[in-house]
Amino acid sequence: PEVAGAGAKFFDPRDPLDIANAMEAIADSESLVARLREFGRKNLSRFDFDTEAGRFSENLISAAG
């Protein structure tokens, strides 16, 4: 949720019925797909590859000591 925000359909990954319901909701609703796509594109602007790659690298170096 902290990354995808409103641009994703969330479900309990341990609940097959919940997974199936989420998949069905997406398959059956063009408006839901359009909304998820719109929010996803807007959300993408929060991220920059070079910045995120640098943060990832810093975390790896920090964890390695």
# chains A, B, ... in the order shown; residues from 1 in each chain; ligands from 1
>>> select_by_dssp(residues="chain A", states="helix (DSSP H, G or I)", output="ChimeraX atom specification")
/A:5-7,16-28,30-44,49-64
>>> atom_distance(atom1="atom CA of Asp50 of chain A", atom2="atom CA of Glu2 of chain A")
19.4 Å
>>> residues_around(residues="Val3 of chain A", least_positions_apart="4", cutoff="10 Å", atoms="only C-alpha atoms", output="PyMOL selection string")
chain A and resi 7-8+40+43-44+46-47
>>> write_last_selection(atoms="N, CA, C and O atoms", output="CSV table (one decimal), in the first residue's frame")
chain,number,residue,atom,x,y,z
A,7,GLY,N,-3.5,2.8,-6.6
A,7,GLY,CA,-3.3,2.2,-7.9
A,7,GLY,C,-3.2,0.7,-8.0
A,7,GLY,O,-2.7,0.1,-8.9
A,8,ALA,N,-3.7,0.1,-6.9
A,8,ALA,CA,-3.7,-1.4,-6.9
A,8,ALA,C,-5.0,-2.0,-6.2
A,8,ALA,O,-5.6,-1.3,-5.4
A,40,GLY,N,-2.2,4.6,-10.9
A,40,GLY,CA,-0.9,4.1,-11.0
A,40,GLY,C,0.1,5.0,-11.8
A,40,GLY,O,1.2,5.2,-11.4
A,43,ASN,N,0.8,7.9,-9.5
A,43,ASN,CA,1.7,7.5,-8.5
A,43,ASN,C,3.2,7.3,-9.0
A,43,ASN,O,4.1,7.6,-8.2
A,44,LEU,N,3.3,6.9,-10.2
A,44,LEU,CA,4.6,6.7,-10.8
A,44,LEU,C,5.5,8.0,-10.7
A,44,LEU,O,6.7,7.9,-10.6
A,46,ARG,N,6.0,9.8,-8.4
A,46,ARG,CA,6.7,10.0,-7.1
A,46,ARG,C,8.0,9.3,-7.1
A,46,ARG,O,8.8,9.5,-6.2
A,47,PHE,N,8.3,8.5,-8.1
A,47,PHE,CA,9.5,7.7,-8.1
A,47,PHE,C,10.4,8.0,-9.3
A,47,PHE,O,10.0,8.3,-10.4
>>> residues_around(residues="segment 20-35 of chain A", least_positions_apart="2", cutoff="9 Å", atoms="only C-alpha atoms", output="list in words")
Ala6, Gly7, Lys9, Phe10, Phe11, Asp15, Pro16, Leu17, Asp18, Arg37, Glu38, Phe39 and Gly40 of chain A
>>> write_last_selection(atoms="all heavy atoms", output="mmCIF file, in the first residue's frame")
data_model
loop_
_atom_site.group_PDB
_atom_site.id
_atom_site.type_symbol
_atom_site.label_atom_id
_atom_site.label_comp_id
_atom_site.auth_asym_id
_atom_site.auth_seq_id
_atom_site.Cartn_x
_atom_site.Cartn_y
_atom_site.Cartn_z
ATOM 1 N N ALA A 6 -3.526 3.911 -4.164
ATOM 2 C CA ALA A 6 -4.842 3.647 -4.759
ATOM 3 C C ALA A 6 -4.737 3.021 -6.149
ATOM 4 O O ALA A 6 -5.749 2.742 -6.775
ATOM 5 C CB ALA A 6 -5.644 4.937 -4.830
ATOM 6 N N GLY A 7 -3.513 2.779 -6.612
ATOM 7 C CA GLY A 7 -3.320 2.214 -7.939
ATOM 8 C C GLY A 7 -3.248 0.705 -7.959
ATOM 9 O O GLY A 7 -2.741 0.126 -8.918
ATOM 10 N N LYS A 9 -5.273 -3.158 -6.557
ATOM 11 C CA LYS A 9 -6.386 -3.879 -5.928
ATOM 12 C C LYS A 9 -5.753 -4.827 -4.916
ATOM 13 O O LYS A 9 -5.045 -5.759 -5.286
ATOM 14 C CB LYS A 9 -7.168 -4.658 -6.990
ATOM 15 C CG LYS A 9 -8.321 -5.467 -6.467
ATOM 16 C CD LYS A 9 -9.477 -4.589 -6.099
ATOM 17 C CE LYS A 9 -10.677 -5.447 -5.722
ATOM 18 N NZ LYS A 9 -11.525 -4.764 -4.789
ATOM 19 N N PHE A 10 -5.960 -4.579 -3.648
ATOM 20 C CA PHE A 10 -5.318 -5.366 -2.608
ATOM 21 C C PHE A 10 -6.166 -6.562 -2.207
ATOM 22 O O PHE A 10 -7.395 -6.544 -2.323
ATOM 23 C CB PHE A 10 -5.026 -4.493 -1.390
ATOM 24 C CG PHE A 10 -4.044 -3.406 -1.702
ATOM 25 C CD1 PHE A 10 -4.485 -2.122 -1.949
ATOM 26 C CD2 PHE A 10 -2.699 -3.685 -1.795
ATOM 27 C CE1 PHE A 10 -3.581 -1.114 -2.266
ATOM 28 C CE2 PHE A 10 -1.779 -2.692 -2.113
ATOM 29 C CZ PHE A 10 -2.236 -1.405 -2.348
ATOM 30 N N PHE A 11 -5.496 -7.602 -1.734
ATOM 31 C CA PHE A 11 -6.158 -8.829 -1.310
ATOM 32 C C PHE A 11 -5.272 -9.531 -0.301
ATOM 33 O O PHE A 11 -4.083 -9.246 -0.192
ATOM 34 C CB PHE A 11 -6.440 -9.759 -2.500
ATOM 35 C CG PHE A 11 -5.201 -10.043 -3.317
ATOM 36 C CD1 PHE A 11 -4.335 -11.069 -2.962
ATOM 37 C CD2 PHE A 11 -4.896 -9.270 -4.421
ATOM 38 C CE1 PHE A 11 -3.186 -11.323 -3.692
ATOM 39 C CE2 PHE A 11 -3.750 -9.529 -5.167
ATOM 40 C CZ PHE A 11 -2.896 -10.549 -4.804
ATOM 41 N N ASP A 15 -5.453 -15.985 1.256
ATOM 42 C CA ASP A 15 -6.867 -16.335 1.106
ATOM 43 C C ASP A 15 -7.207 -16.516 -0.380
ATOM 44 O O ASP A 15 -7.419 -15.535 -1.093
ATOM 45 C CB ASP A 15 -7.735 -15.236 1.719
ATOM 46 C CG ASP A 15 -9.213 -15.532 1.669
ATOM 47 O OD1 ASP A 15 -9.649 -16.451 0.948
ATOM 48 O OD2 ASP A 15 -9.963 -14.818 2.369
ATOM 49 N N PRO A 16 -7.259 -17.759 -0.846
ATOM 50 C CA PRO A 16 -7.541 -17.998 -2.267
ATOM 51 C C PRO A 16 -8.839 -17.358 -2.752
ATOM 52 O O PRO A 16 -8.892 -16.860 -3.877
ATOM 53 C CB PRO A 16 -7.617 -19.520 -2.372
ATOM 54 C CG PRO A 16 -6.818 -20.017 -1.214
ATOM 55 C CD PRO A 16 -7.026 -19.009 -0.122
ATOM 56 N N LEU A 17 -9.852 -17.326 -1.920
ATOM 57 C CA LEU A 17 -11.116 -16.705 -2.323
ATOM 58 C C LEU A 17 -10.960 -15.199 -2.489
ATOM 59 O O LEU A 17 -11.489 -14.607 -3.433
ATOM 60 C CB LEU A 17 -12.221 -17.024 -1.305
ATOM 61 C CG LEU A 17 -13.615 -16.509 -1.657
ATOM 62 C CD1 LEU A 17 -14.085 -17.072 -3.002
ATOM 63 C CD2 LEU A 17 -14.598 -16.872 -0.563
ATOM 64 N N ASP A 18 -10.211 -14.589 -1.600
ATOM 65 C CA ASP A 18 -9.972 -13.148 -1.702
ATOM 66 C C ASP A 18 -9.164 -12.834 -2.958
ATOM 67 O O ASP A 18 -9.429 -11.844 -3.649
ATOM 68 C CB ASP A 18 -9.265 -12.644 -0.445
ATOM 69 C CG ASP A 18 -9.403 -11.143 -0.255
ATOM 70 O OD1 ASP A 18 -10.452 -10.584 -0.641
ATOM 71 O OD2 ASP A 18 -8.470 -10.540 0.290
ATOM 72 N N ARG A 37 -5.334 2.179 -13.391
ATOM 73 C CA ARG A 37 -4.317 2.655 -14.337
ATOM 74 C C ARG A 37 -4.041 4.138 -14.115
ATOM 75 O O ARG A 37 -2.880 4.569 -14.077
ATOM 76 C CB ARG A 37 -4.794 2.413 -15.768
ATOM 77 C CG ARG A 37 -3.756 2.746 -16.815
ATOM 78 C CD ARG A 37 -4.252 2.446 -18.216
ATOM 79 N NE ARG A 37 -4.402 1.006 -18.388
ATOM 80 C CZ ARG A 37 -5.512 0.410 -18.842
ATOM 81 N NH1 ARG A 37 -6.567 1.120 -19.177
ATOM 82 N NH2 ARG A 37 -5.552 -0.892 -18.982
ATOM 83 N N GLU A 38 -5.094 4.933 -13.944
ATOM 84 C CA GLU A 38 -4.934 6.370 -13.733
ATOM 85 C C GLU A 38 -4.151 6.651 -12.450
ATOM 86 O O GLU A 38 -3.194 7.419 -12.452
ATOM 87 C CB GLU A 38 -6.299 7.041 -13.668
ATOM 88 C CG GLU A 38 -6.228 8.522 -13.389
ATOM 89 C CD GLU A 38 -7.590 9.160 -13.218
ATOM 90 O OE1 GLU A 38 -8.615 8.518 -13.529
ATOM 91 O OE2 GLU A 38 -7.633 10.307 -12.734
ATOM 92 N N PHE A 39 -4.554 6.028 -11.357
ATOM 93 C CA PHE A 39 -3.842 6.234 -10.099
ATOM 94 C C PHE A 39 -2.409 5.722 -10.190
ATOM 95 O O PHE A 39 -1.494 6.321 -9.641
ATOM 96 C CB PHE A 39 -4.566 5.553 -8.941
ATOM 97 C CG PHE A 39 -5.738 6.336 -8.418
ATOM 98 C CD1 PHE A 39 -7.019 5.858 -8.574
ATOM 99 C CD2 PHE A 39 -5.555 7.549 -7.763
ATOM 100 C CE1 PHE A 39 -8.109 6.557 -8.095
ATOM 101 C CE2 PHE A 39 -6.640 8.267 -7.279
ATOM 102 C CZ PHE A 39 -7.916 7.769 -7.449
ATOM 103 N N GLY A 40 -2.212 4.608 -10.874
ATOM 104 C CA GLY A 40 -0.871 4.063 -11.033
ATOM 105 C C GLY A 40 0.056 5.005 -11.770
ATOM 106 O O GLY A 40 1.207 5.210 -11.385
#
